[in-house]
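Peer 1: Contents of input09.pdb (PDB, C-alpha atoms) are given next:
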```
ATOM      1  CA  MET A   1    -107.410-149.232 -40.491
ATOM      2  CA  SER A   2    -107.763-152.968 -40.876
ATOM      3  CA  THR A   3    -104.861-155.250 -41.799
ATOM      4  CA  ASN A   4    -104.564-158.990 -42.378
ATOM      5  CA  GLY A   5    -101.623-161.359 -42.438
ATOM      6  CA  THR A   6    -101.321-161.752 -46.228
ATOM      7  CA  PRO A   7     -99.035-159.250 -48.014
ATOM      8  CA  LEU A   8    -100.792-157.324 -50.753
ATOM      9  CA  LEU A   9     -97.471-156.010 -52.068
ATOM     10  CA  GLU A  10     -94.252-157.982 -51.700
ATOM     11  CA  VAL A  11     -90.810-156.970 -52.974
ATOM     12  CA  THR A  12     -88.008-159.547 -52.863
ATOM     13  CA  ASP A  13     -84.269-158.970 -53.481
ATOM     14  CA  LEU A  14     -84.885-155.979 -55.743
ATOM     15  CA  VAL A  15     -81.805-154.740 -57.633
ATOM     16  CA  LYS A  16     -81.534-151.757 -59.971
ATOM     17  CA  LYS A  17     -78.339-150.339 -61.459
ATOM     18  CA  PHE A  18     -77.893-147.442 -63.852
ATOM     19  CA  ARG A  19     -75.132-147.386 -66.440
ATOM     20  CA  ALA A  20     -73.139-144.157 -66.606
ATOM     21  CA  ARG A  21     -72.700-142.387 -69.899
ATOM     22  CA  GLN A  22     -69.341-143.050 -71.535
ATOM     23  CA  SER A  23     -67.205-140.380 -73.146
ATOM     24  CA  VAL A  24     -65.610-140.798 -76.549
ATOM     25  CA  LEU A  25     -62.282-141.430 -74.808
ATOM     26  CA  ASP A  26     -63.873-144.177 -72.703
ATOM     27  CA  ARG A  27     -65.143-145.870 -75.848
ATOM     28  CA  VAL A  28     -61.926-145.715 -77.870
ATOM     29  CA  THR A  29     -59.884-146.976 -74.926
ATOM     30  CA  PHE A  30     -62.429-149.707 -74.205
ATOM     31  CA  ARG A  31     -62.786-148.552 -70.624
ATOM     32  CA  PRO A  32     -65.504-150.606 -68.852
ATOM     33  CA  ALA A  33     -68.759-148.786 -68.226
ATOM     34  CA  GLN A  34     -69.493-147.747 -64.670
ATOM     35  CA  HIS A  35     -72.762-148.643 -62.977
ATOM     36  CA  ALA A  36     -74.465-146.764 -60.164
ATOM     37  CA  VAL A  37     -76.029-149.155 -57.677
ATOM     38  CA  ALA A  38     -79.342-147.465 -56.840
ATOM     39  CA  VAL A  39     -81.137-150.422 -55.221
ATOM     40  CA  ASP A  40     -79.218-153.426 -53.930
ATOM     41  CA  GLY A  41     -81.217-156.396 -52.641
ATOM     42  CA  VAL A  42     -84.211-154.597 -51.124
ATOM     43  CA  SER A  43     -87.016-156.749 -49.686
ATOM     44  CA  PHE A  44     -90.212-155.684 -47.927
ATOM     45  CA  SER A  45     -93.905-156.508 -47.790
ATOM     46  CA  VAL A  46     -97.029-154.470 -47.121
ATOM     47  CA  LYS A  47    -100.242-156.021 -45.857
ATOM     48  CA  LYS A  48    -103.688-154.922 -46.985
ATOM     49  CA  GLY A  49    -104.715-151.755 -45.169
ATOM     50  CA  GLU A  50    -101.192-151.091 -43.911
ATOM     51  CA  THR A  51     -98.864-148.139 -44.515
ATOM     52  CA  LEU A  52     -95.117-148.655 -44.830
ATOM     53  CA  GLY A  53     -92.913-145.595 -44.437
ATOM     54  CA  LEU A  54     -89.777-145.796 -46.601
ATOM     55  CA  VAL A  55     -87.233-143.288 -45.288
ATOM     56  CA  GLY A  56     -83.748-142.168 -46.296
ATOM     57  CA  GLU A  57     -81.615-139.284 -47.534
ATOM     58  CA  SER A  58     -81.504-138.192 -51.155
ATOM     59  CA  GLY A  59     -79.478-140.819 -52.974
ATOM     60  CA  SER A  60     -80.562-143.685 -50.732
ATOM     61  CA  GLY A  61     -82.573-145.329 -53.524
ATOM     62  CA  LYS A  62     -86.094-144.973 -52.181
ATOM     63  CA  THR A  63     -87.496-143.194 -55.250
ATOM     64  CA  THR A  64     -85.920-145.821 -57.511
ATOM     65  CA  VAL A  65     -87.683-148.473 -55.413
ATOM     66  CA  ALA A  66     -91.004-146.689 -55.942
ATOM     67  CA  ARG A  67     -90.559-146.295 -59.696
ATOM     68  CA  THR A  68     -89.409-149.896 -60.058
ATOM     69  CA  VAL A  69     -92.359-151.234 -58.061
ATOM     70  CA  MET A  70     -94.653-149.246 -60.362
ATOM     71  CA  ARG A  71     -92.678-150.642 -63.345
ATOM     72  CA  LEU A  72     -91.970-147.130 -64.588
ATOM     73  CA  ILE A  73     -88.453-148.546 -64.804
ATOM     74  CA  ASP A  74     -87.612-152.231 -65.069
ATOM     75  CA  PRO A  75     -85.768-154.101 -62.295
ATOM     76  CA  ASP A  76     -82.437-155.810 -63.023
ATOM     77  CA  GLU A  77     -83.076-158.560 -60.488
ATOM     78  CA  GLY A  78     -85.680-159.560 -57.923
ATOM     79  CA  SER A  79     -89.444-159.895 -57.925
ATOM     80  CA  ILE A  80     -92.413-157.611 -57.299
ATOM     81  CA  THR A  81     -95.594-159.448 -56.321
ATOM     82  CA  PHE A  82     -98.900-157.583 -56.222
ATOM     83  CA  ASP A  83    -101.949-159.456 -54.970
ATOM     84  CA  GLY A  84    -100.306-162.784 -55.769
ATOM     85  CA  VAL A  85     -99.134-161.814 -59.280
ATOM     86  CA  ASP A  86     -95.445-161.314 -60.116
ATOM     87  CA  VAL A  87     -95.511-158.018 -62.011
ATOM     88  CA  SER A  88     -91.733-157.749 -62.518
ATOM     89  CA  GLY A  89     -91.927-159.617 -65.835
ATOM     90  CA  LEU A  90     -95.290-158.435 -67.179
ATOM     91  CA  SER A  91     -95.530-156.778 -70.574
ATOM     92  CA  ARG A  92     -96.833-153.209 -70.927
ATOM     93  CA  SER A  93    -100.274-154.418 -71.974
ATOM     94  CA  GLU A  94    -100.408-156.849 -69.055
ATOM     95  CA  LEU A  95     -99.475-154.019 -66.670
ATOM     96  CA  GLN A  96    -102.651-152.104 -67.555
ATOM     97  CA  GLY A  97    -104.794-153.915 -64.996
ATOM     98  CA  VAL A  98    -102.105-153.657 -62.324
ATOM     99  CA  ARG A  99    -101.724-149.921 -62.765
ATOM    100  CA  ARG A 100    -105.420-149.353 -62.307
ATOM    101  CA  ARG A 101    -105.084-150.823 -58.818
ATOM    102  CA  MET A 102    -101.671-149.365 -57.958
ATOM    103  CA  GLN A 103    -101.197-145.626 -58.394
ATOM    104  CA  MET A 104     -98.479-143.131 -57.546
ATOM    105  CA  VAL A 105     -98.392-139.592 -56.144
ATOM    106  CA  PHE A 106     -95.224-137.725 -57.087
ATOM    107  CA  GLN A 107     -93.149-135.191 -55.171
ATOM    108  CA  ASP A 108     -93.793-132.160 -57.365
ATOM    109  CA  PRO A 109     -97.497-131.779 -58.137
ATOM    110  CA  TYR A 110     -96.877-129.100 -60.761
ATOM    111  CA  SER A 111     -94.584-131.253 -62.913
ATOM    112  CA  SER A 112     -96.827-134.313 -62.532
ATOM    113  CA  LEU A 113     -99.868-132.464 -63.905
ATOM    114  CA  ASN A 114    -100.239-131.356 -67.523
ATOM    115  CA  PRO A 115    -100.171-127.528 -67.385
ATOM    116  CA  ARG A 116    -102.305-127.326 -70.552
ATOM    117  CA  MET A 117    -105.004-129.631 -69.227
ATOM    118  CA  LYS A 118    -107.825-128.501 -66.983
ATOM    119  CA  VAL A 119    -107.882-130.138 -63.570
ATOM    120  CA  GLY A 120    -111.175-131.921 -64.214
ATOM    121  CA  THR A 121    -109.867-133.473 -67.431
ATOM    122  CA  ALA A 122    -106.690-134.609 -65.650
ATOM    123  CA  ILE A 123    -108.706-136.301 -62.903
ATOM    124  CA  ALA A 124    -111.106-137.970 -65.332
ATOM    125  CA  GLU A 125    -108.385-139.325 -67.624
ATOM    126  CA  PRO A 126    -107.238-142.343 -65.509
ATOM    127  CA  ALA A 127    -110.828-143.392 -64.810
ATOM    128  CA  LEU A 128    -111.668-143.252 -68.516
ATOM    129  CA  VAL A 129    -108.490-145.060 -69.608
ATOM    130  CA  HIS A 130    -109.074-147.899 -67.144
ATOM    131  CA  GLY A 131    -112.824-148.133 -67.797
ATOM    132  CA  VAL A 132    -113.860-147.133 -64.276
ATOM    133  CA  VAL A 133    -116.425-144.674 -65.713
ATOM    134  CA  ASP A 134    -117.652-143.710 -69.162
ATOM    135  CA  LYS A 135    -117.757-140.181 -70.620
ATOM    136  CA  ALA A 136    -121.299-139.606 -69.426
ATOM    137  CA  ALA A 137    -120.404-140.382 -65.807
ATOM    138  CA  ALA A 138    -117.035-138.572 -65.870
ATOM    139  CA  PRO A 139    -118.255-135.141 -64.613
ATOM    140  CA  ALA A 140    -119.933-136.681 -61.560
ATOM    141  CA  HIS A 141    -116.829-138.788 -60.926
ATOM    142  CA  VAL A 142    -114.587-135.698 -61.055
ATOM    143  CA  LYS A 143    -116.846-133.885 -58.594
ATOM    144  CA  GLU A 144    -116.709-136.894 -56.263
ATOM    145  CA  MET A 145    -112.892-137.012 -56.408
ATOM    146  CA  LEU A 146    -112.584-133.270 -55.755
ATOM    147  CA  GLU A 147    -114.895-133.481 -52.745
ATOM    148  CA  LEU A 148    -112.876-136.441 -51.498
ATOM    149  CA  VAL A 149    -109.724-134.301 -51.287
ATOM    150  CA  GLY A 150    -111.497-131.244 -49.903
ATOM    151  CA  LEU A 151    -111.801-129.076 -53.026
ATOM    152  CA  PRO A 152    -114.921-127.505 -54.595
ATOM    153  CA  ALA A 153    -116.278-128.751 -57.902
ATOM    154  CA  SER A 154    -115.314-125.403 -59.476
ATOM    155  CA  ALA A 155    -111.634-126.370 -59.147
ATOM    156  CA  GLY A 156    -112.170-128.774 -62.028
ATOM    157  CA  GLU A 157    -112.414-125.825 -64.445
ATOM    158  CA  ARG A 158    -109.033-124.400 -63.468
ATOM    159  CA  TYR A 159    -105.530-125.064 -64.748
ATOM    160  CA  PRO A 160    -102.745-126.212 -62.396
ATOM    161  CA  ARG A 161    -101.013-122.805 -62.583
ATOM    162  CA  GLN A 162    -104.135-121.200 -61.074
ATOM    163  CA  LEU A 163    -103.866-123.281 -57.893
ATOM    164  CA  SER A 164    -101.587-123.167 -54.867
ATOM    165  CA  GLY A 165     -99.008-125.876 -54.164
ATOM    166  CA  GLY A 166    -101.225-127.531 -51.579
ATOM    167  CA  GLN A 167    -104.224-127.470 -53.905
ATOM    168  CA  ARG A 168    -102.159-128.949 -56.728
ATOM    169  CA  GLN A 169    -101.051-131.808 -54.488
ATOM    170  CA  ARG A 170    -104.689-132.458 -53.574
ATOM    171  CA  ILE A 171    -105.426-132.613 -57.308
ATOM    172  CA  ALA A 172    -102.555-135.068 -57.790
ATOM    173  CA  ILE A 173    -103.997-137.254 -55.033
ATOM    174  CA  ALA A 174    -107.488-137.034 -56.552
ATOM    175  CA  ARG A 175    -106.053-138.058 -59.925
ATOM    176  CA  ALA A 176    -104.261-141.032 -58.359
ATOM    177  CA  LEU A 177    -107.491-142.111 -56.655
ATOM    178  CA  SER A 178    -109.569-141.655 -59.813
ATOM    179  CA  SER A 179    -109.043-145.233 -60.992
ATOM    180  CA  ARG A 180    -110.058-146.523 -57.520
ATOM    181  CA  PRO A 181    -106.719-148.164 -56.644
ATOM    182  CA  THR A 182    -106.046-150.409 -53.675
ATOM    183  CA  VAL A 183    -102.367-149.407 -53.311
ATOM    184  CA  LEU A 184    -101.006-145.864 -53.268
ATOM    185  CA  ILE A 185     -97.288-145.138 -53.560
ATOM    186  CA  ALA A 186     -96.597-141.609 -52.330
ATOM    187  CA  ASP A 187     -93.099-140.390 -53.258
ATOM    188  CA  GLU A 188     -92.184-137.440 -51.014
ATOM    189  CA  PRO A 189     -95.710-136.009 -51.410
ATOM    190  CA  VAL A 190     -95.192-133.177 -48.897
ATOM    191  CA  SER A 191     -91.497-132.264 -49.201
ATOM    192  CA  ALA A 192     -92.160-129.486 -51.759
ATOM    193  CA  LEU A 193     -94.823-127.860 -49.559
ATOM    194  CA  ASP A 194     -94.757-125.374 -46.684
ATOM    195  CA  VAL A 195     -94.784-126.919 -43.207
ATOM    196  CA  SER A 196     -98.364-125.831 -42.464
ATOM    197  CA  VAL A 197     -99.568-127.287 -45.780
ATOM    198  CA  GLN A 198     -97.595-130.493 -45.143
ATOM    199  CA  ALA A 199     -99.699-131.153 -42.054
ATOM    200  CA  GLN A 200    -102.912-130.653 -44.044
ATOM    201  CA  ILE A 201    -101.846-133.112 -46.751
ATOM    202  CA  LEU A 202    -100.700-135.688 -44.175
ATOM    203  CA  ASN A 203    -104.037-135.397 -42.379
ATOM    204  CA  LEU A 204    -105.842-135.766 -45.717
ATOM    205  CA  LEU A 205    -103.888-138.929 -46.553
ATOM    206  CA  SER A 206    -104.568-140.368 -43.089
ATOM    207  CA  ARG A 207    -108.297-139.794 -43.554
ATOM    208  CA  LEU A 208    -108.313-141.295 -47.044
ATOM    209  CA  LEU A 209    -106.431-144.384 -45.866
ATOM    210  CA  ASP A 210    -109.195-145.077 -43.359
ATOM    211  CA  GLU A 211    -112.148-144.108 -45.541
ATOM    212  CA  LEU A 212    -111.000-146.013 -48.636
ATOM    213  CA  ASP A 213    -109.159-148.858 -46.851
ATOM    214  CA  LEU A 214    -106.046-148.093 -48.878
ATOM    215  CA  THR A 215    -102.637-149.726 -48.632
ATOM    216  CA  MET A 216     -99.755-147.272 -48.957
ATOM    217  CA  VAL A 217     -95.989-147.000 -49.333
ATOM    218  CA  PHE A 218     -95.120-143.533 -48.058
ATOM    219  CA  ILE A 219     -91.655-142.245 -49.036
ATOM    220  CA  ALA A 220     -89.942-139.438 -47.123
ATOM    221  CA  HIS A 221     -86.493-138.243 -46.131
ATOM    222  CA  GLN A 222     -87.525-137.331 -42.570
ATOM    223  CA  LEU A 223     -88.642-139.901 -40.019
ATOM    224  CA  SER A 224     -90.726-137.294 -38.207
ATOM    225  CA  VAL A 225     -92.988-136.939 -41.261
ATOM    226  CA  VAL A 226     -93.942-140.624 -41.330
ATOM    227  CA  ARG A 227     -94.493-141.248 -37.626
ATOM    228  CA  HIS A 228     -98.220-140.623 -37.396
ATOM    229  CA  ILE A 229     -99.143-142.066 -40.786
ATOM    230  CA  SER A 230     -97.155-145.342 -40.961
ATOM    231  CA  ASN A 231     -97.738-148.700 -39.289
ATOM    232  CA  ARG A 232     -94.200-149.819 -40.113
ATOM    233  CA  VAL A 233     -91.012-148.062 -41.166
ATOM    234  CA  ALA A 234     -88.105-149.171 -43.370
ATOM    235  CA  ILE A 235     -84.893-147.117 -43.296
ATOM    236  CA  MET A 236     -82.852-147.074 -46.517
ATOM    237  CA  TYR A 237     -79.191-146.190 -46.886
ATOM    238  CA  LEU A 238     -77.214-146.356 -50.130
ATOM    239  CA  GLY A 239     -79.536-148.845 -51.806
ATOM    240  CA  ARG A 240     -80.296-151.119 -48.858
ATOM    241  CA  ILE A 241     -82.718-151.349 -45.967
ATOM    242  CA  VAL A 242     -80.675-151.011 -42.759
ATOM    243  CA  GLU A 243     -83.550-151.125 -40.270
ATOM    244  CA  THR A 244     -87.219-152.017 -40.409
ATOM    245  CA  GLY A 245     -89.962-152.608 -37.895
ATOM    246  CA  PRO A 246     -93.167-151.304 -36.304
ATOM    247  CA  THR A 247     -93.148-147.511 -36.211
ATOM    248  CA  ASP A 248     -93.262-147.201 -32.409
ATOM    249  CA  GLN A 249     -90.390-149.652 -31.937
ATOM    250  CA  VAL A 250     -88.163-147.935 -34.477
ATOM    251  CA  PHE A 251     -88.847-144.482 -33.020
ATOM    252  CA  ASP A 252     -88.601-145.467 -29.364
ATOM    253  CA  SER A 253     -85.643-147.843 -29.696
ATOM    254  CA  PRO A 254     -83.665-147.268 -32.911
ATOM    255  CA  GLN A 255     -81.164-150.074 -33.460
ATOM    256  CA  HIS A 256     -79.069-148.622 -36.281
ATOM    257  CA  PRO A 257     -76.838-145.523 -35.959
ATOM    258  CA  TYR A 258     -78.255-144.114 -39.194
ATOM    259  CA  THR A 259     -81.814-144.344 -37.871
ATOM    260  CA  LYS A 260     -80.650-142.632 -34.691
ATOM    261  CA  ALA A 261     -79.050-139.869 -36.756
ATOM    262  CA  LEU A 262     -82.239-139.282 -38.726
ATOM    263  CA  LEU A 263     -84.217-139.018 -35.501
ATOM    264  CA  ASP A 264     -81.656-136.659 -33.959
ATOM    265  CA  SER A 265     -81.733-134.418 -37.033
ATOM    266  CA  ALA A 266     -85.301-133.388 -36.248
ATOM    267  CA  PRO A 267     -85.456-130.173 -34.141
ATOM    268  CA  HIS A 268     -86.527-130.713 -30.538
ATOM    269  CA  PRO A 269     -87.533-127.966 -28.065
ATOM    270  CA  ASP A 270     -86.162-129.834 -25.013
ATOM    271  CA  PRO A 271     -82.471-128.867 -24.393
ATOM    272  CA  SER A 272     -81.934-132.143 -22.498
ATOM    273  CA  ARG A 273     -82.516-134.005 -25.766
ATOM    274  CA  ARG A 274     -79.344-132.552 -27.301
ATOM    275  CA  HIS A 275     -76.652-135.080 -28.160
ATOM    276  CA  THR A 276     -72.948-134.631 -27.525
ATOM    277  CA  ARG A 277     -71.851-137.245 -30.078
ATOM    278  CA  ALA A 278     -72.903-137.107 -33.693
ATOM    279  CA  ALA A 279     -74.108-140.458 -35.003
ATOM    280  CA  VAL A 280     -73.462-139.454 -38.612
ATOM    281  CA  ARG A 281     -70.955-137.249 -40.401
ATOM    282  CA  GLY A 282     -70.185-136.221 -43.964
ATOM    283  CA  ASP A 283     -72.193-136.897 -47.099
ATOM    284  CA  ILE A 284     -73.630-140.087 -48.510
ATOM    285  CA  PRO A 285     -71.018-141.843 -50.716
ATOM    286  CA  SER A 286     -71.380-142.094 -54.471
ATOM    287  CA  PRO A 287     -73.405-145.080 -55.715
ATOM    288  CA  PHE A 288     -70.546-145.574 -58.209
ATOM    289  CA  ASP A 289     -68.122-146.183 -55.341
ATOM    290  CA  ILE A 290     -69.865-147.997 -52.486
ATOM    291  CA  PRO A 291     -67.619-148.565 -49.417
ATOM    292  CA  SER A 292     -66.456-152.080 -48.598
ATOM    293  CA  GLY A 293     -67.946-153.910 -45.630
ATOM    294  CA  CYS A 294     -70.646-151.849 -43.945
ATOM    295  CA  ARG A 295     -71.589-149.171 -46.434
ATOM    296  CA  PHE A 296     -72.432-146.767 -43.580
ATOM    297  CA  ARG A 297     -69.020-147.117 -41.877
ATOM    298  CA  THR A 298     -67.463-144.041 -43.548
ATOM    299  CA  ARG A 299     -69.980-141.804 -41.755
ATOM    300  CA  CYS A 300     -70.590-143.789 -38.580
ATOM    301  CA  ALA A 301     -69.186-142.771 -35.188
ATOM    302  CA  TYR A 302     -69.710-146.325 -33.901
ATOM    303  CA  ALA A 303     -67.918-148.309 -36.628
ATOM    304  CA  VAL A 304     -65.746-151.202 -35.436
ATOM    305  CA  GLU A 305     -62.921-153.094 -37.117
ATOM    306  CA  ARG A 306     -65.148-155.690 -38.757
ATOM    307  CA  SER A 307     -67.194-152.872 -40.312
ATOM    308  CA  GLU A 308     -64.394-152.381 -42.890
ATOM    309  CA  THR A 309     -64.625-155.881 -44.322
ATOM    310  CA  GLU A 310     -67.894-157.502 -43.278
ATOM    311  CA  ASP A 311     -71.240-156.415 -44.680
ATOM    312  CA  PRO A 312     -73.855-156.612 -41.882
ATOM    313  CA  VAL A 313     -77.132-158.412 -42.525
ATOM    314  CA  LEU A 314     -80.528-157.707 -41.023
ATOM    315  CA  GLN A 315     -80.856-159.319 -37.592
ATOM    316  CA  LYS A 316     -83.931-159.607 -35.418
ATOM    317  CA  VAL A 317     -83.795-157.123 -32.545
ATOM    318  CA  GLY A 318     -87.442-157.129 -31.444
ATOM    319  CA  THR A 319     -90.919-158.214 -32.467
ATOM    320  CA  ASP A 320     -90.852-157.862 -36.279
ATOM    321  CA  HIS A 321     -87.946-155.414 -35.770
ATOM    322  CA  TYR A 322     -84.692-155.913 -37.718
ATOM    323  CA  ALA A 323     -81.434-153.976 -38.063
ATOM    324  CA  ALA A 324     -78.202-154.456 -40.040
ATOM    325  CA  CYS A 325     -75.409-153.362 -37.716
ATOM    326  CA  HIS A 326     -72.280-154.904 -36.158
ATOM    327  CA  VAL A 327     -72.972-153.090 -32.865
ATOM    328  CA  LEU A 328     -76.158-154.732 -31.607
ATOM    329  CA  PRO A 329     -77.948-154.053 -29.406
ATOM    330  CA  PHE A 330     -77.179-150.470 -30.401
ATOM    331  CA  ARG A 331     -77.053-147.930 -27.595
ATOM    332  CA  ASP A 332     -76.270-144.236 -28.045
ATOM    333  CA  GLY A 333     -72.686-143.739 -26.890
ATOM    334  CA  ALA A 334     -71.825-147.453 -26.994
ATOM    335  CA  THR A 335     -69.152-148.981 -29.212
TER     336      THR A 335
END
```
Please rewrite the model in this file as structure tokens.
Peer 2:
Amino acid sequence: MSTNGTPLLEVTDLVKKFRARQSVLDRVTFRPAQHAVAVDGVSFSVKKGETLGLVGESGSGKTTVARTVMRLIDPDEGSITFDGVDVSGLSRSELQGVRRRMQMVFQDPYSSLNPRMKVGTAIAEPALVHGVVDKAAAPAHVKEMLELVGLPASAGERYPRQLSGGQRQRIAIARALSSRPTVLIADEPVSALDVSVQAQILNLLSRLLDELDLTMVFIAHQLSVVRHISNRVAIMYLGRIVETGPTDQVFDSPQHPYTKALLDSAPHPDPSRRHTRAAVRGDIPSPFDIPSGCRFRTRCAYAVERSETEDPVLQKVGTDHYAACHVLPFRDGAT
């Protein structure tokens, strides 16, 4: 996979908040509306031909990042630059050309496909809408897309309900590739699948990245899933990136306790790899009530006094490797 030094996709200081619904009592008493902070100052860039793994628990904000980058929802603040064009302020008609080149694969392939539409029609639709092919060339294009994801041409005559979960996700990938995009945003594309099928889909995506020279943002809640497919990794917690860097560096030398916890949560057959001290405890706080100081401190076994009042910023800890922690360099067992 080839990469160059110019970012194809660049996100800067992205912010997205969601207003909570107010009850009648809230309205008559003029109680201020609450806002959930889903994304809070997220910045990252992805070079052409590169894959960035965006990792975090449910509620960390990674899916909101994906939907905002795609402009399925509008950002409150920040910029999204795709191939030199700031798309954060484009109108719906102006977004048409951007969406041809930037497509998304969703977590649940069944809900992302129209159950009343045959697979072939679903795959052809984006190519027809964006003018990639005309009606006469659509059948050949559908066959090409199906072969690309390892399915026979006959699958085009079936409905989504007639296919397995793995086959449906292959269809969703084929549909995303139908408009011949340059950037693919994959939002938890394997989390709804069996483990054996997950490996097949990951291998398929790896092959397609090389064959089509695609750039990808790959979203997952497990670090182990992204290791062999991502060039770089960004770890999100409660709306912010807390660590980012080359995949090998982040896996071999995690510099944030949350990253360490995610790595430790993966099962390992070697008993010597067991850890006596948990790096994380409890559940992720509500986005309506973000802790003061370091937002990870309420779950961190390594929190220090300044963690209560001072919000850590990303600091360089290696070559293109950054972490936001008051205990740097971070070492397991050190405080």
Peer 1: Hey, what comes out of the PyMOL selection byres ((chain A and resi 294) around 7) on this file? Could you write it as a ChimeraX atom specification?
Peer 2: /A:292-293,295-297,307-308,310-312
Peer 1: Would you work out the distance separating CA of Ile241 (chain A) from CA of Asp108 (chain A), expressed in Å to one decimal?
Peer 2: 24.9 Å
Peer 1: So what do you get for CA of Leu263 (chain A) versus CA of Ile290 (chain A), distance-wise?
Peer 2: 24.0 Å
Peer 1: Just so the selection is clear, what residues does the PyMOL selection byres ((chain A and resi 140) around 12) cover here, as a list in words?
Peer 2: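 Given this file, the PyMOL selection byres ((chain A and resi 140) around 12) evaluates to Gly120, Ile123, Ala124, Ala127, Val133, Asp134, Lys135, Ala136, Ala137, Ala138, Pro139, His141, Val142, Lys143, Glu144, Met145, Leu146, Glu147, Ala153, Gly156 and Ser178 of chain A.
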Peer 1: Go through the shown structure with the PyMOL selection byres ((chain A and resi 198-208) around 9) and write out the matching residues as a compact mmCIF listing (two decimals) with C-alpha atoms, in the coordinates of the input.
Peer 2:
```
# COMPACT_ATOMS: atom_id res chain seq x y z
CA LEU A 148 -112.88 -136.44 -51.50
CA VAL A 149 -109.72 -134.30 -51.29
CA GLY A 150 -111.50 -131.24 -49.90
CA GLY A 166 -101.22 -127.53 -51.58
CA GLN A 169 -101.05 -131.81 -54.49
CA ARG A 170 -104.69 -132.46 -53.57
CA ILE A 173 -104.00 -137.25 -55.03
CA PRO A 189 -95.71 -136.01 -51.41
CA VAL A 190 -95.19 -133.18 -48.90
CA SER A 191 -91.50 -132.26 -49.20
CA ALA A 192 -92.16 -129.49 -51.76
CA LEU A 193 -94.82 -127.86 -49.56
CA ASP A 194 -94.76 -125.37 -46.68
CA VAL A 195 -94.78 -126.92 -43.21
CA SER A 196 -98.36 -125.83 -42.46
CA VAL A 197 -99.57 -127.29 -45.78
CA LEU A 209 -106.43 -144.38 -45.87
CA ASP A 210 -109.20 -145.08 -43.36
CA GLU A 211 -112.15 -144.11 -45.54
CA LEU A 212 -111.00 -146.01 -48.64
CA ASP A 213 -109.16 -148.86 -46.85
CA LEU A 214 -106.05 -148.09 -48.88
CA VAL A 225 -92.99 -136.94 -41.26
CA VAL A 226 -93.94 -140.62 -41.33
CA HIS A 228 -98.22 -140.62 -37.40
CA ILE A 229 -99.14 -142.07 -40.79
```
Peer 1: Smallest atom-to-atom distance to Tyr110 (chain A): which of A:Pro152, A:Gly165, A:Gly84, A:Gly56, using all atoms listed in the file?
Peer 2: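 Looking at the shortest contact to Tyr110 (chain A), the residue is A:Gly165.
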Peer 1: Distance cut-off 7 Å, centre (-106.0, -150.1, -54.0) in file coordinates, counting all atoms listed in the file: which residues qualify? Return them as a ChimeraX atom specification.
Peer 2: /A:101-102,180-184,214-215
Peer 1: Counting all atoms listed in the file, which of A:Arg175, A:Arg116, A:Lys16, A:Lys62 gets nearest to Gly41 (chain A)?
Peer 2: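 Smallest separation from Gly41 (chain A) among the options: A:Lys16.
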Peer 1: List every protein, DNA or RNA residue with an atom no more than 9 Å from (-94.4, -147.9, -57.9) in the file's coordinates, counting only C-alpha atoms, and format the result as a PyMOL selection string.
Peer 2: chain A and resi 63-72+102-104+184-187+217
Peer 1: So the first atom is CA of His35 (chain A) and the second is CA of Met236 (chain A); what is the distance between them in Å, to one decimal place?
Peer 2: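 If I compute the distance from CA of His35 (chain A) to CA of Met236 (chain A), I get 19.4 Å.
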Peer 1: Measuring between all atoms listed in the file, which one of A:Leu54, A:Leu95, A:Met117, A:Leu14 shows the shortest distance to Val42 (chain A)?
Peer 2: A:Leu14
Peer 1: I'd like to know which of A:Lys47, A:Arg306, A:His321, A:Arg240 is closest to Met216 (chain A), using all atoms listed in the file.
Peer 2: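 So, comparing all the options, the nearest one is A:Lys47.
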